[in-house]
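Structure file coords-v4.cif (mmCIF, C-alpha atoms and all ligand atoms) is printed below.
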data_entry
#
loop_
_atom_site.group_PDB
_atom_site.id
_atom_site.type_symbol
_atom_site.label_atom_id
_atom_site.label_comp_id
_atom_site.auth_asym_id
_atom_site.auth_seq_id
_atom_site.Cartn_x
_atom_site.Cartn_y
_atom_site.Cartn_z
ATOM 1 C CA MET A 326 0.000 0.000 0.000
ATOM 2 C CA ILE A 327 1.448 3.390 -0.869
ATOM 3 C CA TYR A 328 2.045 5.947 1.883
ATOM 4 C CA GLY A 329 -0.976 8.085 0.980
ATOM 5 C CA LYS A 330 -3.427 5.244 1.528
ATOM 6 C CA LYS A 331 -1.663 4.186 4.709
ATOM 7 C CA LEU A 332 -1.675 7.709 6.113
ATOM 8 C CA LEU A 333 -5.388 8.003 5.368
ATOM 9 C CA LYS A 334 -5.976 4.618 6.966
ATOM 10 C CA ILE A 335 -4.229 5.788 10.144
ATOM 11 C CA TYR A 336 -6.282 8.973 10.088
ATOM 12 C CA LYS A 337 -9.520 7.003 9.863
ATOM 13 C CA ILE A 338 -8.459 4.681 12.683
ATOM 14 C CA LEU A 339 -7.680 7.646 14.949
ATOM 15 C CA LEU A 340 -10.844 9.520 14.016
ATOM 16 C CA LYS A 341 -12.931 6.435 14.753
ATOM 17 C CA GLU A 342 -11.167 5.946 18.079
ATOM 18 C CA TYR A 343 -11.145 9.527 19.353
ATOM 19 C CA GLY A 344 -13.736 11.379 17.270
ATOM 20 C CA PRO A 345 -13.367 14.991 16.037
ATOM 21 C CA GLN A 346 -11.057 17.012 18.297
ATOM 22 C CA GLU A 347 -12.555 20.389 17.301
ATOM 23 C CA TRP A 348 -9.288 22.258 17.267
ATOM 24 C CA TRP A 349 -8.143 24.891 17.914
ATOM 25 C CA PRO A 350 -9.784 25.559 21.305
ATOM 26 C CA ALA A 351 -10.241 29.349 21.000
ATOM 27 C CA ASP A 352 -12.970 31.954 20.564
ATOM 28 C CA SER A 353 -11.329 33.839 17.697
ATOM 29 C CA PRO A 354 -8.537 33.506 15.109
ATOM 30 C CA PHE A 355 -6.424 36.056 16.957
ATOM 31 C CA GLU A 356 -6.743 34.029 20.143
ATOM 32 C CA VAL A 357 -5.436 31.044 18.141
ATOM 33 C CA MET A 358 -2.427 33.133 17.116
ATOM 34 C CA LEU A 359 -1.706 34.092 20.703
ATOM 35 C CA GLY A 360 -2.091 30.483 21.834
ATOM 36 C CA ALA A 361 0.270 29.249 19.108
ATOM 37 C CA VAL A 362 3.017 31.490 20.502
ATOM 38 C CA LEU A 363 2.222 30.933 24.169
ATOM 39 C CA THR A 364 2.286 27.139 23.816
ATOM 40 C CA GLN A 365 5.986 27.156 22.981
ATOM 41 C CA ASN A 366 7.846 25.109 25.611
ATOM 42 C CA THR A 367 4.889 24.660 27.935
ATOM 43 C CA ASN A 368 1.713 22.642 28.370
ATOM 44 C CA TRP A 369 -1.795 23.684 27.413
ATOM 45 C CA LEU A 370 -2.970 24.193 30.986
ATOM 46 C CA ASN A 371 -0.431 26.985 31.414
ATOM 47 C CA VAL A 372 -1.422 28.476 28.065
ATOM 48 C CA SER A 373 -5.100 28.495 28.990
ATOM 49 C CA ARG A 374 -4.285 30.312 32.246
ATOM 50 C CA ALA A 375 -2.386 32.956 30.299
ATOM 51 C CA ILE A 376 -5.225 33.271 27.765
ATOM 52 C CA GLU A 377 -7.751 33.660 30.587
ATOM 53 C CA ASN A 378 -5.648 36.480 32.032
ATOM 54 C CA LEU A 379 -5.509 38.167 28.621
ATOM 55 C CA LYS A 380 -9.291 37.855 28.341
ATOM 56 C CA LYS A 381 -9.827 39.354 31.790
ATOM 57 C CA LYS A 382 -7.692 42.317 30.741
ATOM 58 C CA ASP A 383 -9.529 42.510 27.399
ATOM 59 C CA LEU A 384 -6.279 42.046 25.463
ATOM 60 C CA ILE A 385 -7.305 39.493 22.808
ATOM 61 C CA CYS A 386 -6.852 42.060 20.060
ATOM 62 C CA PRO A 387 -3.795 42.985 17.952
ATOM 63 C CA HIS A 388 -4.274 46.719 18.567
ATOM 64 C CA LYS A 389 -4.324 46.225 22.325
ATOM 65 C CA ILE A 390 -1.371 43.818 22.440
ATOM 66 C CA ALA A 391 0.646 46.246 20.324
ATOM 67 C CA VAL A 392 0.109 49.188 22.686
ATOM 68 C CA VAL A 393 -0.202 47.575 26.127
ATOM 69 C CA SER A 394 2.827 48.058 28.358
ATOM 70 C CA LYS A 395 5.255 45.162 28.380
ATOM 71 C CA ARG A 396 4.881 44.999 32.159
ATOM 72 C CA LYS A 397 1.113 44.424 31.916
ATOM 73 C CA LEU A 398 1.490 41.922 29.113
ATOM 74 C CA ILE A 399 4.111 39.964 31.033
ATOM 75 C CA ALA A 400 1.879 39.896 34.118
ATOM 76 C CA ALA A 401 -0.936 38.386 32.040
ATOM 77 C CA ILE A 402 1.092 35.733 30.241
ATOM 78 C CA ARG A 403 3.352 34.805 33.168
ATOM 79 C CA PRO A 404 1.730 31.321 33.625
ATOM 80 C CA SER A 405 2.971 30.281 30.167
ATOM 81 C CA GLY A 406 6.651 30.719 31.124
ATOM 82 C CA PHE A 407 9.400 32.449 29.096
ATOM 83 C CA TYR A 408 7.178 35.503 29.497
ATOM 84 C CA ASN A 409 9.800 38.131 28.626
ATOM 85 C CA GLN A 410 10.499 36.565 25.253
ATOM 86 C CA LYS A 411 6.876 35.653 24.596
ATOM 87 C CA ALA A 412 5.706 39.203 25.337
ATOM 88 C CA ALA A 413 8.134 40.463 22.690
ATOM 89 C CA TYR A 414 7.001 37.783 20.229
ATOM 90 C CA LEU A 415 3.315 38.643 20.765
ATOM 91 C CA LYS A 416 4.014 42.309 20.233
ATOM 92 C CA GLY A 417 5.978 41.567 17.060
ATOM 93 C CA LEU A 418 3.187 39.384 15.713
ATOM 94 C CA SER A 419 0.520 41.958 16.569
ATOM 95 C CA GLN A 420 2.478 44.772 14.942
ATOM 96 C CA TYR A 421 2.863 42.704 11.782
ATOM 97 C CA VAL A 422 -0.879 41.942 11.662
ATOM 98 C CA LEU A 423 -1.655 45.631 12.152
ATOM 99 C CA GLN A 424 0.862 47.063 9.717
ATOM 100 C CA ARG A 425 0.367 44.503 6.966
ATOM 101 C CA PHE A 426 -3.382 43.803 7.233
ATOM 102 C CA SER A 427 -4.747 46.634 9.389
ATOM 103 C CA GLY A 428 -5.531 43.992 11.991
ATOM 104 C CA ASP A 429 -8.000 42.285 9.627
ATOM 105 C CA LEU A 430 -7.422 38.523 9.882
ATOM 106 C CA ARG A 431 -10.033 37.752 7.221
ATOM 107 C CA LYS A 432 -8.037 39.856 4.803
ATOM 108 C CA MET A 433 -4.875 38.100 5.971
ATOM 109 C CA SER A 434 -6.390 34.655 5.394
ATOM 110 C CA ARG A 435 -6.971 35.498 1.711
ATOM 111 C CA PHE A 436 -3.252 35.915 1.053
ATOM 112 C CA GLU A 437 -1.195 33.176 -0.532
ATOM 113 C CA THR A 438 0.093 30.601 1.947
ATOM 114 C CA SER A 439 3.750 30.800 0.904
ATOM 115 C CA VAL A 440 3.762 34.602 1.210
ATOM 116 C CA LEU A 441 2.211 34.511 4.671
ATOM 117 C CA ARG A 442 4.496 31.701 5.774
ATOM 118 C CA ASN A 443 7.664 33.548 4.773
ATOM 119 C CA GLU A 444 6.514 36.783 6.376
ATOM 120 C CA LEU A 445 5.473 35.090 9.619
ATOM 121 C CA LEU A 446 8.761 33.181 9.784
ATOM 122 C CA ALA A 447 10.574 36.515 9.620
ATOM 123 C CA ILE A 448 8.972 37.603 12.923
ATOM 124 C CA ARG A 449 11.256 37.082 15.902
ATOM 125 C CA GLY A 450 10.368 34.006 17.945
ATOM 126 C CA LEU A 451 8.108 32.392 15.353
ATOM 127 C CA GLY A 452 9.503 29.066 14.123
ATOM 128 C CA PRO A 453 7.913 26.700 11.603
ATOM 129 C CA GLU A 454 5.684 24.853 14.079
ATOM 130 C CA THR A 455 4.255 28.096 15.481
ATOM 131 C CA VAL A 456 3.827 29.631 12.040
ATOM 132 C CA ASP A 457 2.153 26.555 10.591
ATOM 133 C CA SER A 458 -0.189 26.337 13.582
ATOM 134 C CA ILE A 459 -1.186 29.943 12.905
ATOM 135 C CA LEU A 460 -1.648 29.270 9.195
ATOM 136 C CA LEU A 461 -3.708 26.132 9.725
ATOM 137 C CA TYR A 462 -5.777 26.945 12.797
ATOM 138 C CA ALA A 463 -6.124 30.736 12.668
ATOM 139 C CA LEU A 464 -6.112 31.320 8.915
ATOM 140 C CA ASN A 465 -7.514 28.035 7.545
ATOM 141 C CA GLN A 466 -4.570 27.476 5.220
ATOM 142 C CA PRO A 467 -3.786 23.884 4.137
ATOM 143 C CA VAL A 468 -0.419 23.285 5.809
ATOM 144 C CA PHE A 469 0.499 20.185 7.793
ATOM 145 C CA VAL A 470 1.867 21.012 11.245
ATOM 146 C CA ILE A 471 4.848 18.963 12.374
ATOM 147 C CA ASP A 472 5.732 18.585 16.018
ATOM 148 C CA ALA A 473 7.674 16.246 18.284
ATOM 149 C CA TYR A 474 4.596 14.018 18.632
ATOM 150 C CA THR A 475 4.334 13.553 14.866
ATOM 151 C CA ARG A 476 7.995 12.630 14.587
ATOM 152 C CA ARG A 477 7.753 10.250 17.530
ATOM 153 C CA ILE A 478 4.641 8.364 16.404
ATOM 154 C CA PHE A 479 5.511 8.042 12.739
ATOM 155 C CA GLY A 480 9.181 7.398 13.524
ATOM 156 C CA ARG A 481 8.097 4.519 15.749
ATOM 157 C CA HIS A 482 6.025 3.215 12.858
ATOM 158 C CA GLY A 483 8.981 3.092 10.526
ATOM 159 C CA ILE A 484 9.110 6.484 8.803
ATOM 160 C CA LYS A 485 12.620 7.808 8.405
ATOM 161 C CA ILE A 486 13.111 11.319 7.090
ATOM 162 C CA LYS A 487 16.532 12.252 5.785
ATOM 163 C CA GLY A 488 18.062 14.707 8.235
ATOM 164 C CA SER A 489 14.830 14.468 10.263
ATOM 165 C CA ASP A 490 14.192 18.155 9.651
ATOM 166 C CA TYR A 491 10.876 19.984 9.862
ATOM 167 C CA SER A 492 10.491 20.588 6.137
ATOM 168 C CA GLY A 493 11.305 16.957 5.314
ATOM 169 C CA TRP A 494 8.552 15.709 7.605
ATOM 170 C CA GLN A 495 6.113 18.287 6.328
ATOM 171 C CA LYS A 496 6.868 17.397 2.723
ATOM 172 C CA PHE A 497 6.269 13.726 3.531
ATOM 173 C CA PHE A 498 2.734 14.387 4.802
ATOM 174 C CA GLU A 499 1.797 17.090 2.320
ATOM 175 C CA SER A 500 2.984 15.078 -0.670
ATOM 176 C CA HIS A 501 1.066 11.947 0.327
ATOM 177 C CA LEU A 502 -2.199 13.442 1.549
ATOM 178 C CA PRO A 503 -4.854 15.477 -0.270
ATOM 179 C CA LYS A 504 -4.255 19.202 0.238
ATOM 180 C CA ASP A 505 -7.228 19.608 2.526
ATOM 181 C CA GLN A 506 -7.278 22.111 5.377
ATOM 182 C CA GLY A 507 -9.987 20.190 7.263
ATOM 183 C CA LEU A 508 -8.032 16.939 7.020
ATOM 184 C CA PHE A 509 -4.786 18.586 8.149
ATOM 185 C CA ASN A 510 -6.588 20.299 11.023
ATOM 186 C CA GLU A 511 -8.097 17.086 12.345
ATOM 187 C CA TYR A 512 -5.103 14.870 11.630
ATOM 188 C CA HIS A 513 -2.680 16.968 13.666
ATOM 189 C CA ALA A 514 -5.146 17.217 16.555
ATOM 190 C CA LEU A 515 -5.567 13.427 16.538
ATOM 191 C CA ILE A 516 -1.796 12.921 16.532
ATOM 192 C CA VAL A 517 -1.525 15.094 19.636
ATOM 193 C CA ARG A 518 -4.337 13.137 21.308
ATOM 194 C CA LEU A 519 -2.674 9.803 20.513
ATOM 195 C CA ALA A 520 0.716 10.993 21.749
ATOM 196 C CA LYS A 521 -0.732 12.197 25.038
ATOM 197 C CA GLU A 522 -2.832 9.110 25.646
ATOM 198 C CA ARG A 523 -0.602 6.353 24.295
ATOM 199 C CA CYS A 524 2.568 7.295 22.503
ATOM 200 C CA ARG A 525 4.363 8.958 25.376
ATOM 201 C CA GLN A 526 8.117 8.737 26.068
ATOM 202 C CA ARG A 527 7.397 5.166 27.086
ATOM 203 C CA PRO A 528 4.860 3.922 24.524
ATOM 204 C CA ASP A 529 1.745 2.128 25.722
ATOM 205 C CA CYS A 530 1.276 -0.076 22.651
ATOM 206 C CA GLN A 531 -0.968 -2.774 24.047
ATOM 207 C CA GLY A 532 -4.489 -1.892 22.942
ATOM 208 C CA CYS A 533 -3.321 1.306 21.184
ATOM 209 C CA PRO A 534 -5.396 2.054 18.057
ATOM 210 C CA LEU A 535 -2.196 1.896 15.982
ATOM 211 C CA GLU A 536 -0.944 -1.371 17.465
ATOM 212 C CA GLY A 537 0.301 -3.516 14.580
ATOM 213 C CA VAL A 538 -0.151 -0.779 11.951
ATOM 214 C CA THR A 539 2.883 -0.463 9.696
ATOM 215 C CA LEU A 540 3.828 2.164 7.151
HETATM 216 S S1 LIG A 601 1.885 3.634 21.532
HETATM 217 FE FE1 LIG A 601 2.848 2.056 20.278
HETATM 218 S S2 LIG A 601 1.265 1.390 18.824
HETATM 219 FE FE2 LIG A 601 0.610 3.352 19.709
HETATM 220 S S3 LIG A 601 1.336 4.890 18.288
HETATM 221 FE FE3 LIG A 601 2.924 4.661 19.833
HETATM 222 S S4 LIG A 601 4.350 3.143 19.013
HETATM 223 FE FE4 LIG A 601 2.434 3.021 17.843
#

Write out the structure in this file as C-alpha cells.
Ligand code: SF4
Amino acid sequence: MIYGKKLLKIYKILLKEYGPQEWWPADSPFEVMLGAVLTQNTNWLNVSRAIENLKKKDLICPHKIAVVSKRKLIAAIRPSGFYNQKAAYLKGLSQYVLQRFSGDLRKMSRFETSVLRNELLAIRGLGPETVDSILLYALNQPVFVIDAYTRRIFGRHGIKIKGSDYSGWQKFFESHLPKDQGLFNEYHALIVRLAKERCRQRPDCQGCPLEGVTL
C-alpha cells in the first residue's frame, strides 16, 4: 500500500477511536495566534491560564497587544513561562498583523500561503511549528503542522526522514495526503491526542489504536 493510503488509513483509525477534536480551542482567530506562541515550551494548561488572564484584561486584540505596556502583558502571560520573550514575540506578531493587514485577519487569510508563511517566519520568535499552527488553525490554510509528537509516532512506525528536519517531515505528509485544510486540522489534533494518551516517552502499545499498523 502506498504511503498516501496508509496515512489516510491511520487517520480514519484515529478519528474512529477519538472522534473529532474540534481544534483549535479558542474563541477567535487572533486568540489562536496568541495560543500558538504561548504554547511554545509549555503545556496547554499553562497556556489556557495565560489566555484567561488576557481575556480578563480585554487584550485578545492585535491593537491592544501592540500598545499595552510590556509589564502588563508579562503579568498576564506569566503562567505560560518564558514571558519576557513571549511578550516580545506577541508584540511583534501583533504589529505585523496591524501594519500589513490593518488587523484584519479575514483579509490576511486570503493571502497566498507561501507569502504569509515567509513573512510570519521573519517575525522574531516564530519558528515553523508556530507559524504553521497559525496558518492552519487561525487562517484556515492547508499546511500540515509537524511537532515532536508527529515525529515520535511516525518514527516509531517506521518512517525515516533524511536529516529528520521539519520541512522533510512536512513534505512527507503534504505530498502523500490530499491538500485539505480540514483533514490537516483534524489529523494533527488526533496525533496530539494519541501521543498524550498512548505514545508517550514510554509507549503504551498494548491496545493502542495503531498497534500492529505499519507504514
Ligand atoms: S503507543 Fe505504540 S502502537 Fe501506539 S502509536 Fe505509539 S508506538 Fe504506535

Contacts between region 327-337 of chain A and region 434-522 of chain A, please, where a residue of region 434-522 of chain A counts if it comes within 7 Å (with all atoms listed in the file); show its shortest atom pair and distance in Å to one decimal, rows by chain and ascending number, as a Markdown table.
| residue | atom | partner | partner_atom | distance |
| --- | --- | --- | --- | --- |
| A:His501 | CA | A:Gly329 | CA | 4.4 |
| A:Leu502 | CA | A:Gly329 | CA | 5.5 |
| A:Tyr512 | CA | A:Tyr336 | CA | 6.2 |

Inset, instruction - Given the file shown, enumerate the residues that the PyMOL selection byres (((chain A and resi 349) around 12) and not hetatm) captures and present them as a PyMOL selection string. - result: chain A and resi 345-348+350-361+369+458-465+507+510-511+513-515+517

With all atoms of ligand LIG 601 (chain A) from the file as input, state the centre and edge lengths in Å to one decimal of the axis-aligned box that has 5 Å extra on each side, as JSON.
{"center_x": 2.5, "center_y": 3.1, "center_z": 19.7, "size_x": 13.7, "size_y": 13.5, "size_z": 13.7}

Using only C-alpha atoms and all ligand atoms, which residues of chain A come within 9 Å of ligand LIG 601 (chain A), and what is the closest atom pair for each, with the distance in Å to one decimal? Give it as CSV, sorted by chain and residue number.
residue,atom,partner,partner_atom,distance
A:Arg477,CA,A:LIG601,FE3,7.7
A:Ile478,CA,A:LIG601,S3,5.2
A:Phe479,CA,A:LIG601,S3,7.6
A:Gly480,CA,A:LIG601,S4,8.5
A:Arg481,CA,A:LIG601,S4,5.2
A:His482,CA,A:LIG601,FE4,6.1
A:Ile516,CA,A:LIG601,S3,8.8
A:Leu519,CA,A:LIG601,S3,6.7
A:Ala520,CA,A:LIG601,FE3,7.0
A:Glu522,CA,A:LIG601,S1,8.3
A:Arg523,CA,A:LIG601,S1,4.6
A:Cys524,CA,A:LIG601,FE3,3.8
A:Arg525,CA,A:LIG601,S1,7.0
A:Arg527,CA,A:LIG601,S1,8.0
A:Pro528,CA,A:LIG601,S1,4.2
A:Asp529,CA,A:LIG601,S1,4.5
A:Cys530,CA,A:LIG601,FE1,3.6
A:Gln531,CA,A:LIG601,S2,7.0
A:Gly532,CA,A:LIG601,S2,7.8
A:Cys533,CA,A:LIG601,FE2,4.7
A:Pro534,CA,A:LIG601,FE2,6.4
A:Leu535,CA,A:LIG601,S2,4.5
A:Glu536,CA,A:LIG601,S2,3.8
A:Gly537,CA,A:LIG601,S2,6.6
A:Val538,CA,A:LIG601,S2,7.3
A:Thr539,CA,A:LIG601,FE4,8.9

Write the selection just made, keeping C-alpha atoms, as a JSON list (two decimals), keeping the file's coordinate frame?
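The result, stored in selection_14.json:
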[["chain", "number", "residue", "atom", "x", "y", "z"],
["A", 477, "ARG", "CA", 7.75, 10.25, 17.53],
["A", 478, "ILE", "CA", 4.64, 8.36, 16.40],
["A", 479, "PHE", "CA", 5.51, 8.04, 12.74],
["A", 480, "GLY", "CA", 9.18, 7.40, 13.52],
["A", 481, "ARG", "CA", 8.10, 4.52, 15.75],
["A", 482, "HIS", "CA", 6.02, 3.22, 12.86],
["A", 516, "ILE", "CA", -1.80, 12.92, 16.53],
["A", 519, "LEU", "CA", -2.67, 9.80, 20.51],
["A", 520, "ALA", "CA", 0.72, 10.99, 21.75],
["A", 522, "GLU", "CA", -2.83, 9.11, 25.65],
["A", 523, "ARG", "CA", -0.60, 6.35, 24.30],
["A", 524, "CYS", "CA", 2.57, 7.30, 22.50],
["A", 525, "ARG", "CA", 4.36, 8.96, 25.38],
["A", 527, "ARG", "CA", 7.40, 5.17, 27.09],
["A", 528, "PRO", "CA", 4.86, 3.92, 24.52],
["A", 529, "ASP", "CA", 1.74, 2.13, 25.72],
["A", 530, "CYS", "CA", 1.28, -0.08, 22.65],
["A", 531, "GLN", "CA", -0.97, -2.77, 24.05],
["A", 532, "GLY", "CA", -4.49, -1.89, 22.94],
["A", 533, "CYS", "CA", -3.32, 1.31, 21.18],
["A", 534, "PRO", "CA", -5.40, 2.05, 18.06],
["A", 535, "LEU", "CA", -2.20, 1.90, 15.98],
["A", 536, "GLU", "CA", -0.94, -1.37, 17.46],
["A", 537, "GLY", "CA", 0.30, -3.52, 14.58],
["A", 538, "VAL", "CA", -0.15, -0.78, 11.95],
["A", 539, "THR", "CA", 2.88, -0.46, 9.70]]

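Restricting the calculation to all atoms listed in the file, the smallest distance between Val470 (chain A) and any of A:Ile399, A:Val456, A:Ala375, A:Ala412 is found for A:Val456.
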
Inset, instruction - Could you list the residues chosen by the PyMOL selection byres (((chain A and resi 432-435) around 12) and not hetatm) in this structure as a ChimeraX atom specification? - result: /A:354-355,421-431,436-442,444-445,459-467

Mind dumping the selected residues with C-alpha atoms as an mmCIF file, in the coordinates of the input?
data_model
loop_
_atom_site.group_PDB
_atom_site.id
_atom_site.type_symbol
_atom_site.label_atom_id
_atom_site.label_comp_id
_atom_site.auth_asym_id
_atom_site.auth_seq_id
_atom_site.Cartn_x
_atom_site.Cartn_y
_atom_site.Cartn_z
ATOM 1 C CA PRO A 354 -8.537 33.506 15.109
ATOM 2 C CA PHE A 355 -6.424 36.056 16.957
ATOM 3 C CA TYR A 421 2.863 42.704 11.782
ATOM 4 C CA VAL A 422 -0.879 41.942 11.662
ATOM 5 C CA LEU A 423 -1.655 45.631 12.152
ATOM 6 C CA GLN A 424 0.862 47.063 9.717
ATOM 7 C CA ARG A 425 0.367 44.503 6.966
ATOM 8 C CA PHE A 426 -3.382 43.803 7.233
ATOM 9 C CA SER A 427 -4.747 46.634 9.389
ATOM 10 C CA GLY A 428 -5.531 43.992 11.991
ATOM 11 C CA ASP A 429 -8.000 42.285 9.627
ATOM 12 C CA LEU A 430 -7.422 38.523 9.882
ATOM 13 C CA ARG A 431 -10.033 37.752 7.221
ATOM 14 C CA PHE A 436 -3.252 35.915 1.053
ATOM 15 C CA GLU A 437 -1.195 33.176 -0.532
ATOM 16 C CA THR A 438 0.093 30.601 1.947
ATOM 17 C CA SER A 439 3.750 30.800 0.904
ATOM 18 C CA VAL A 440 3.762 34.602 1.210
ATOM 19 C CA LEU A 441 2.211 34.511 4.671
ATOM 20 C CA ARG A 442 4.496 31.701 5.774
ATOM 21 C CA GLU A 444 6.514 36.783 6.376
ATOM 22 C CA LEU A 445 5.473 35.090 9.619
ATOM 23 C CA ILE A 459 -1.186 29.943 12.905
ATOM 24 C CA LEU A 460 -1.648 29.270 9.195
ATOM 25 C CA LEU A 461 -3.708 26.132 9.725
ATOM 26 C CA TYR A 462 -5.777 26.945 12.797
ATOM 27 C CA ALA A 463 -6.124 30.736 12.668
ATOM 28 C CA LEU A 464 -6.112 31.320 8.915
ATOM 29 C CA ASN A 465 -7.514 28.035 7.545
ATOM 30 C CA GLN A 466 -4.570 27.476 5.220
ATOM 31 C CA PRO A 467 -3.786 23.884 4.137
#

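Considering only C-alpha atoms, the residue among A:Ser492, A:Ser419, A:Asn378, A:Gln410 positioned nearest to Lys397 (chain A) is A:Asn378.
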
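Each of A:Ala413, A:Leu370, A:Ile376, A:Val468 was compared to Ser394 (chain A) using only C-alpha atoms, and A:Ala413 turns out to be the nearest.
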
Here's the selection I'm unsure about, the PyMOL selection byres (((chain A and resi 494) around 12) and not hetatm); applied to the file above, which residues does it give, as an mmCIF file with C-alpha atoms, in the coordinates of the input?
data_model
loop_
_atom_site.group_PDB
_atom_site.id
_atom_site.type_symbol
_atom_site.label_atom_id
_atom_site.label_comp_id
_atom_site.auth_asym_id
_atom_site.auth_seq_id
_atom_site.Cartn_x
_atom_site.Cartn_y
_atom_site.Cartn_z
ATOM 1 C CA PRO A 453 7.913 26.700 11.603
ATOM 2 C CA GLU A 454 5.684 24.853 14.079
ATOM 3 C CA VAL A 468 -0.419 23.285 5.809
ATOM 4 C CA PHE A 469 0.499 20.185 7.793
ATOM 5 C CA VAL A 470 1.867 21.012 11.245
ATOM 6 C CA ILE A 471 4.848 18.963 12.374
ATOM 7 C CA ASP A 472 5.732 18.585 16.018
ATOM 8 C CA ALA A 473 7.674 16.246 18.284
ATOM 9 C CA TYR A 474 4.596 14.018 18.632
ATOM 10 C CA THR A 475 4.334 13.553 14.866
ATOM 11 C CA ARG A 476 7.995 12.630 14.587
ATOM 12 C CA ARG A 477 7.753 10.250 17.530
ATOM 13 C CA PHE A 479 5.511 8.042 12.739
ATOM 14 C CA GLY A 480 9.181 7.398 13.524
ATOM 15 C CA ILE A 484 9.110 6.484 8.803
ATOM 16 C CA LYS A 485 12.620 7.808 8.405
ATOM 17 C CA ILE A 486 13.111 11.319 7.090
ATOM 18 C CA LYS A 487 16.532 12.252 5.785
ATOM 19 C CA GLY A 488 18.062 14.707 8.235
ATOM 20 C CA SER A 489 14.830 14.468 10.263
ATOM 21 C CA ASP A 490 14.192 18.155 9.651
ATOM 22 C CA TYR A 491 10.876 19.984 9.862
ATOM 23 C CA SER A 492 10.491 20.588 6.137
ATOM 24 C CA GLY A 493 11.305 16.957 5.314
ATOM 25 C CA GLN A 495 6.113 18.287 6.328
ATOM 26 C CA LYS A 496 6.868 17.397 2.723
ATOM 27 C CA PHE A 497 6.269 13.726 3.531
ATOM 28 C CA PHE A 498 2.734 14.387 4.802
ATOM 29 C CA GLU A 499 1.797 17.090 2.320
ATOM 30 C CA SER A 500 2.984 15.078 -0.670
ATOM 31 C CA HIS A 501 1.066 11.947 0.327
#

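Between CA of Val372 (chain A) and CA of Ser405 (chain A) the interatomic distance comes to 5.2 Å.
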
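Picture a line from CA of Leu339 (chain A) to CA of Phe509 (chain A); it runs 13.2 Å.
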
Legend entry - Atomic distance CA of Arg403 (chain A) - CA of Asn371 (chain A), expressed in Å with one decimal: 8.9 Å

Legend entry - Option closest in space to Gly406 (chain A), from A:Gln506, A:Gln526, A:Thr455, A:Thr364 [counting all atoms listed in the file]: A:Thr364

Inset, instruction - Counting all atoms listed in the file, select every polymer residue within 12 Å of (-1.4, 43.5, 24.7) as defined in the file's coordinates, and provide the selection as a PyMOL selection string. - result: chain A and resi 355-356+359+375-376+378-402+411-420
